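What's in target_20.cif: mmCIF, C-alpha atoms and all ligand atoms
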data_query
#
loop_
_atom_site.label_atom_id
_atom_site.label_comp_id
_atom_site.auth_asym_id
_atom_site.auth_seq_id
_atom_site.Cartn_x
_atom_site.Cartn_y
_atom_site.Cartn_z
CA MET R 1 -24.54 50.11 22.98
CA PRO R 2 -26.53 48.98 19.93
CA GLU R 3 -30.24 49.21 20.17
CA ALA R 4 -31.83 46.11 21.60
CA ASP R 5 -33.23 44.09 18.71
CA GLY R 6 -34.06 40.97 20.64
CA LEU R 7 -31.04 39.06 19.27
CA LEU R 8 -28.37 40.29 21.58
CA THR R 9 -28.06 38.60 24.88
CA GLY R 10 -26.57 39.90 28.08
CA PHE R 11 -23.60 37.56 27.65
CA PHE R 12 -22.34 39.28 24.49
CA THR R 13 -23.03 42.82 25.59
CA GLN R 14 -20.85 42.41 28.65
CA HIS R 15 -17.72 41.92 26.50
CA GLN R 16 -15.58 44.48 24.77
CA GLY R 17 -14.14 43.45 21.41
CA PRO R 18 -14.32 40.00 19.79
CA VAL R 19 -15.46 37.14 21.95
CA LEU R 20 -12.95 34.30 22.02
CA PRO R 21 -13.47 30.97 23.64
CA LEU R 22 -11.28 30.57 26.67
CA VAL R 23 -8.78 27.82 25.86
CA THR R 24 -5.90 27.36 28.20
CA GLU R 25 -2.49 26.16 27.05
CA ALA R 26 -3.04 22.89 28.91
CA ALA R 27 -6.34 22.28 27.17
CA ARG R 28 -4.77 22.92 23.78
CA THR R 29 -1.94 20.47 24.50
CA LYS R 30 -4.47 17.90 25.69
CA LYS R 31 -6.46 18.32 22.48
CA MET R 32 -3.36 17.73 20.34
CA LEU R 33 -2.40 14.72 22.43
CA LEU R 34 -5.87 13.27 21.94
CA ALA R 35 -5.55 13.66 18.16
CA LEU R 36 -2.26 11.73 18.22
CA GLU R 37 -3.79 9.09 20.47
CA GLN R 38 -6.72 8.74 18.08
CA GLU R 39 -4.40 8.04 15.16
CA ILE R 40 -2.55 5.40 17.20
CA ASP R 41 -5.89 3.83 18.16
CA TYR R 42 -6.94 3.83 14.51
CA ILE R 43 -3.72 2.11 13.42
CA ARG R 44 -4.04 -0.52 16.17
CA ALA R 45 -7.70 -1.23 15.38
CA THR R 46 -6.95 -1.52 11.64
CA VAL R 47 -4.00 -3.86 12.13
CA THR R 48 -5.68 -6.13 14.71
CA GLY R 49 -8.76 -6.23 12.42
CA LEU R 50 -6.55 -8.10 9.93
CA GLY R 51 -5.81 -10.84 12.46
CA ILE R 52 -2.46 -9.45 13.65
CA SER R 53 -2.03 -9.71 17.41
CA ALA R 54 -1.88 -6.43 19.37
CA GLU R 55 0.93 -8.00 21.41
CA VAL R 56 3.40 -7.85 18.51
CA LEU R 57 2.71 -4.16 17.91
CA PRO R 58 4.66 -1.38 19.65
CA ASN R 59 3.42 -0.75 23.18
CA GLN R 60 0.78 1.90 23.45
CA ILE R 61 1.56 4.71 25.88
CA GLN R 62 -1.23 6.06 28.04
CA LEU R 63 -2.18 9.71 28.34
CA THR R 64 -1.73 11.19 31.79
CA THR R 65 -4.54 13.28 33.26
CA ILE R 66 -2.49 16.45 33.29
CA ALA R 67 -0.66 16.92 29.99
CA LYS R 68 3.02 17.73 30.20
CA ASP R 69 5.55 18.62 27.50
CA THR R 70 7.19 15.20 27.78
CA ASP R 71 3.80 13.57 27.08
CA PHE R 72 3.70 15.30 23.73
CA LYS R 73 7.14 14.09 22.78
CA ASN R 74 6.43 10.52 23.96
CA MET R 75 3.16 10.44 22.05
CA MET R 76 4.86 11.65 18.85
CA VAL R 77 7.49 8.91 19.21
CA ASN R 78 4.78 6.31 19.86
CA LEU R 79 2.87 7.42 16.76
CA ALA R 80 6.06 7.20 14.66
CA GLU R 81 6.60 3.63 15.94
CA HIS R 82 3.06 2.69 14.93
CA ARG R 83 3.46 4.25 11.48
CA ALA R 84 6.73 2.33 11.06
CA ALA R 85 4.89 -0.91 11.91
CA LEU R 86 2.46 -0.22 9.05
CA ARG R 87 5.31 -0.21 6.56
CA LYS R 88 6.18 -3.82 7.49
CA ILE R 89 2.71 -5.18 6.68
CA PRO R 90 1.89 -6.44 3.13
CA PHE R 91 -0.60 -3.76 2.14
CA LYS R 92 0.60 -3.40 -1.44
CA PRO R 93 -0.74 -5.40 -4.39
CA PRO R 94 1.87 -7.83 -5.84
CA MET R 95 1.41 -6.59 -9.40
CA LEU R 96 0.90 -3.20 -10.91
CA TYR R 97 -1.88 -4.13 -13.35
CA PHE R 98 -4.28 -6.96 -12.62
CA TYR R 99 -7.85 -7.99 -12.14
CA ILE R 100 -9.12 -10.56 -9.65
CA SER R 101 -10.01 -13.72 -11.58
CA SER R 102 -10.94 -15.74 -8.48
CA ASP R 103 -11.82 -14.54 -4.97
CA TYR R 104 -10.76 -15.78 -1.57
CA GLY R 105 -13.07 -18.28 0.15
CA ASN R 106 -15.27 -21.21 -0.84
CA ARG R 107 -15.37 -21.87 -4.54
CA LYS R 108 -15.85 -24.56 -7.12
CA HIS R 109 -12.37 -25.54 -8.18
CA PRO R 110 -11.88 -24.44 -11.82
CA LYS R 111 -10.35 -27.80 -12.81
CA THR R 112 -11.78 -30.47 -10.48
CA GLY R 113 -15.26 -28.92 -10.10
CA ARG R 114 -15.20 -29.76 -6.37
CA ILE R 115 -16.07 -27.17 -3.72
CA SER R 116 -12.96 -26.24 -1.81
CA PHE R 117 -11.63 -23.34 0.19
CA HIS R 118 -9.47 -20.95 -1.79
CA HIS R 119 -6.87 -19.57 0.64
CA GLY R 120 -5.76 -16.75 -1.64
CA VAL R 121 -6.85 -14.62 -4.56
CA ASP R 122 -6.06 -15.23 -8.21
CA LEU R 123 -4.78 -12.16 -9.97
CA ALA R 124 -4.66 -12.10 -13.74
CA GLY R 125 -2.31 -9.70 -15.44
CA THR R 126 -0.20 -9.41 -18.53
CA TRP R 127 2.09 -12.31 -19.52
CA GLN R 128 5.35 -12.41 -17.56
CA GLU R 129 4.39 -9.33 -15.58
CA ASN R 130 6.72 -8.60 -12.65
CA VAL R 131 5.49 -10.02 -9.35
CA ARG R 132 6.66 -8.00 -6.36
CA ALA R 133 7.01 -8.58 -2.65
CA THR R 134 4.16 -6.75 -0.93
CA ALA R 135 6.24 -5.87 2.16
CA PRO R 136 9.87 -6.28 3.28
CA GLY R 137 10.86 -9.78 4.40
CA THR R 138 12.98 -12.90 4.00
CA VAL R 139 12.49 -15.50 1.26
CA ILE R 140 11.66 -18.76 3.09
CA TYR R 141 10.76 -20.78 -0.01
CA ALA R 142 11.75 -20.47 -3.66
CA GLY R 143 11.13 -23.56 -5.77
CA THR R 144 8.56 -25.95 -7.21
CA GLU R 145 5.71 -27.19 -5.03
CA GLY R 146 3.13 -29.58 -6.55
CA SER R 147 0.00 -27.92 -7.91
CA PHE R 148 1.34 -24.47 -7.05
CA GLY R 149 4.12 -24.82 -9.63
CA LYS R 150 6.93 -22.34 -9.09
CA VAL R 151 6.38 -20.71 -5.70
CA VAL R 152 7.98 -17.99 -3.59
CA ARG R 153 7.16 -17.53 0.09
CA VAL R 154 8.22 -14.45 2.04
CA GLN R 155 8.31 -14.21 5.84
CA HIS R 156 7.43 -10.72 7.11
CA ASP R 157 7.24 -9.26 10.61
CA PHE R 158 4.30 -9.91 12.97
CA GLY R 159 3.96 -13.59 11.94
CA ILE R 160 2.90 -12.75 8.38
CA VAL R 161 3.81 -14.91 5.36
CA THR R 162 2.94 -14.10 1.74
CA THR R 163 2.86 -16.75 -1.02
CA TYR R 164 3.19 -16.15 -4.77
CA ALA R 165 2.36 -19.20 -6.90
CA HIS R 166 2.20 -20.44 -10.54
CA LEU R 167 5.18 -18.21 -11.39
CA ALA R 168 6.76 -18.48 -14.84
CA ARG R 169 10.15 -17.62 -13.39
CA ILE R 170 11.64 -17.08 -9.91
CA THR R 171 14.11 -14.22 -9.48
CA VAL R 172 15.00 -14.57 -5.76
CA ARG R 173 16.81 -17.21 -3.71
CA LEU R 174 16.10 -18.89 -0.40
CA GLY R 175 17.33 -16.68 2.44
CA ASP R 176 17.33 -13.42 0.44
CA TYR R 177 16.24 -10.38 2.42
CA ILE R 178 14.13 -8.26 0.13
CA GLY R 179 12.45 -4.87 0.37
CA GLU R 180 8.87 -4.16 -0.60
CA ASN R 181 8.35 -3.98 -4.39
CA HIS R 182 11.36 -6.24 -4.96
CA VAL R 183 10.64 -8.39 -8.03
CA ILE R 184 10.38 -12.02 -6.81
CA GLY R 185 9.44 -13.51 -10.18
CA LYS R 186 7.27 -13.33 -13.28
CA MET R 187 3.59 -14.16 -13.46
CA GLY R 188 2.97 -17.44 -15.24
CA ASN R 189 1.05 -20.69 -15.55
CA THR R 190 3.14 -23.36 -13.79
CA GLY R 191 1.61 -26.16 -11.70
CA LYS R 192 -2.09 -27.02 -11.77
CA SER R 193 -3.33 -23.71 -13.09
CA ALA R 194 -6.33 -22.91 -15.27
CA GLY R 195 -4.88 -20.13 -17.35
CA MET R 196 -2.07 -17.80 -16.43
CA HIS R 197 -2.49 -15.95 -13.19
CA LEU R 198 -0.80 -15.29 -9.87
CA HIS R 199 -2.16 -17.15 -6.86
CA TYR R 200 -1.44 -14.79 -3.96
CA GLU R 201 -1.90 -15.65 -0.27
CA VAL R 202 -1.47 -13.79 2.99
CA ARG R 203 -1.24 -15.82 6.21
CA VAL R 204 -1.07 -14.44 9.72
CA ASN R 205 0.21 -17.03 12.21
CA ASN R 206 -0.49 -19.63 9.52
CA LYS R 207 -4.16 -18.64 9.15
CA SER R 208 -5.09 -17.36 5.72
CA ILE R 209 -6.71 -13.91 5.50
CA ASP R 210 -8.34 -12.45 2.38
CA PRO R 211 -5.50 -10.52 0.66
CA VAL R 212 -8.06 -8.06 -0.69
CA LYS R 213 -8.61 -6.86 2.89
CA PHE R 214 -4.93 -5.95 3.10
CA MET R 215 -4.98 -4.17 -0.26
CA THR R 216 -8.13 -2.25 0.69
CA VAL R 217 -6.61 -1.04 3.97
CA GLY R 218 -3.40 -0.25 2.07
CA ARG R 219 -5.25 2.03 -0.31
CA GLN R 220 -7.04 3.77 2.57
CA ILE R 221 -3.88 4.50 4.51
CA SER R 222 -2.00 5.61 1.39
CA VAL R 223 -4.71 8.19 0.88
CA ALA R 224 -4.44 9.24 4.54
CA GLY R 225 -0.70 9.71 4.01
CA GLU R 226 0.31 7.20 6.66
CA LEU R 227 1.91 4.85 4.18
CA ARG R 228 4.18 6.49 1.70
CA GLN R 229 3.03 5.58 -1.78
CA SER R 230 6.20 4.21 -3.28
CA ASN R 231 6.71 3.98 -6.99
CA LEU R 232 5.79 0.57 -8.39
CA VAL R 233 7.18 1.32 -11.84
CA ASP R 234 10.85 0.64 -12.49
ZN ZN T 1 -5.57 -19.48 -6.45
#

Whole structure, structure tokens version:
Amino acid sequence: MPEADGLLTGFFTQHQGPVLPLVTEAARTKKMLLALEQEIDYIRATVTGLGISAEVLPNQIQLTTIAKDTDFKNMMVNLAEHRAALRKIPFKPPMLYFYISSDYGNRKHPKTGRISFHHGVDLAGTWQENVRATAPGTVIYAGTEGSFGKVVRVQHDFGIVTTYAHLARITVRLGDYIGENHVIGKMGNTGKSAGMHLHYEVRVNNKSIDPVKFMTVGRQISVAGELRQSNLVD
């Protein structure tokens, strides 16, 4: 026994060897299950925060009070389903190099001077830069549309549609199924456009959402490793 120095308590002196916290196998399993559940919760909260309905997401399985081996497997599968859902959402930017020349929301129209709601963001880049689909989907419009000039619209899962306007050239056709990063056209200046730029919109169930929100979440989850950073360069 060491000499009492006032620091040792009876609790420690009663033990031989190193003192380890008592963690049962069940408690360890439960802890791991909770970590998986937390990631699923995080994904669900992030996605619904962007206006996507929780009902269209994979079902969320509930943890049982007493953790079993099958719970672990089911939770892993459920997490994989949620991660797969993330890869169907347009989190990527539509161009590799750009700056935002006009934000989403109320603004004075650059040509008419009237206050109007801007349902997308304007991204300026280099002339004829490749414009890419920001998630996998089906081309539901490819043609000319009034002030938008040459436009491509892509229908994604979960009621999401992305729009790419003022294109110089369109490189997809109506009905094409395209993967993310597929080049849909070239950035341009067609339609009623003040200078060359891409007008880019994201709509969820026909309601526009600030595309910057999607790109911001996309960057965060790429860093977390949940969304594989795919190569944007050809
Ligand atoms: Zn615009």

Edge lengths and centre, in Å to one decimal, as AutoDock Vina command-line options: that's what I need for the box along x, y and z that holds all listed atoms of region 164-183 of chain R plus 3 Å on each side.
--center_x 9.8 --center_y -12.2 --center_z -6.2 --size_x 21.1 --size_y 22.5 --size_z 23.3

List every residue of chain R that has an atom at most 8 Å from any atom of ligand ZN 1 (chain T), giving for each one its closest atom pair and the distance in Å to one decimal, counting all atoms listed in the file, sorted by chain and then by ascending residue number, as JSON lines.
{"residue": "R:Ser102", "atom": "CA", "partner": "T:ZN1", "partner_atom": "ZN", "distance": 6.9}
{"residue": "R:His118", "atom": "CA", "partner": "T:ZN1", "partner_atom": "ZN", "distance": 6.3}
{"residue": "R:His119", "atom": "CA", "partner": "T:ZN1", "partner_atom": "ZN", "distance": 7.2}
{"residue": "R:Gly120", "atom": "CA", "partner": "T:ZN1", "partner_atom": "ZN", "distance": 5.5}
{"residue": "R:Val121", "atom": "CA", "partner": "T:ZN1", "partner_atom": "ZN", "distance": 5.4}
{"residue": "R:Asp122", "atom": "CA", "partner": "T:ZN1", "partner_atom": "ZN", "distance": 4.6}
{"residue": "R:Ala165", "atom": "CA", "partner": "T:ZN1", "partner_atom": "ZN", "distance": 7.9}
{"residue": "R:Leu198", "atom": "CA", "partner": "T:ZN1", "partner_atom": "ZN", "distance": 7.2}
{"residue": "R:His199", "atom": "CA", "partner": "T:ZN1", "partner_atom": "ZN", "distance": 4.2}
{"residue": "R:Tyr200", "atom": "CA", "partner": "T:ZN1", "partner_atom": "ZN", "distance": 6.7}

Requested in this report: Go through R:Lys111, R:Ala135, R:Ser147, R:Tyr99 one by one, measure the shortest atom-to-atom distance of each to Gly218 (chain R) using all atoms listed in the file, and give the residue with the smallest value.
Outcome: R:Ala135

Report task. Name all residues at most 9 Å from region 71-84 of chain R (count only C-alpha atoms; drop same-chain ones fewer than 6 positions away) and give them as a list of chain:residue names. Result ->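 Skipping anything fewer than 6 positions along the chain leaves R:Thr29, R:Lys30, R:Met32, R:Leu33, R:Leu36, R:Glu37, R:Glu39, R:Ile40, R:Ile43, R:Arg44, R:Leu57, R:Pro58, R:Asn59, R:Gln60, R:Ile61, R:Gln62, R:Leu63, R:Thr64, R:Glu226, R:Leu227.
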
Query raised in the report: Counting all atoms listed in the file, what is within 7 Å of Ile140 (chain R), bar same-chain residues fewer than 3 positions away, as a PyMOL selection string?
Result: chain R and resi 153-155+174-175

Report task. Give as a VMD selection string each residue that has an atom at most 10 Å from (-0.8, -14.9, -17.7) in the file, counting all atoms listed in the file. Result -> chain R and resid 123 to 129 166 to 168 186 to 189 195 to 198

Requested in this report: In Å, rounded to a single decimal, give me how far CA of Ile178 (chain R) is from CA of Gln220 (chain R).
Outcome: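 Distance between the two atoms: 24.5 Å.
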
Report task. Between CA of Leu50 (chain R) and CA of Ser193 (chain R), measure the distance and give it in Å to one decimal. Result -> 28.0 Å

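Of the residues under consideration (R:Thr70, R:Ser208, R:Gly159, R:Lys92), R:Gly159 shows the shortest atom-to-atom contact distance to Ala54 (chain R) when counting all atoms listed in the file.
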
Report summary line: Pairwise distance, CA of Val139 (chain R) with CA of Asp176 (chain R), equals 5.3 Å
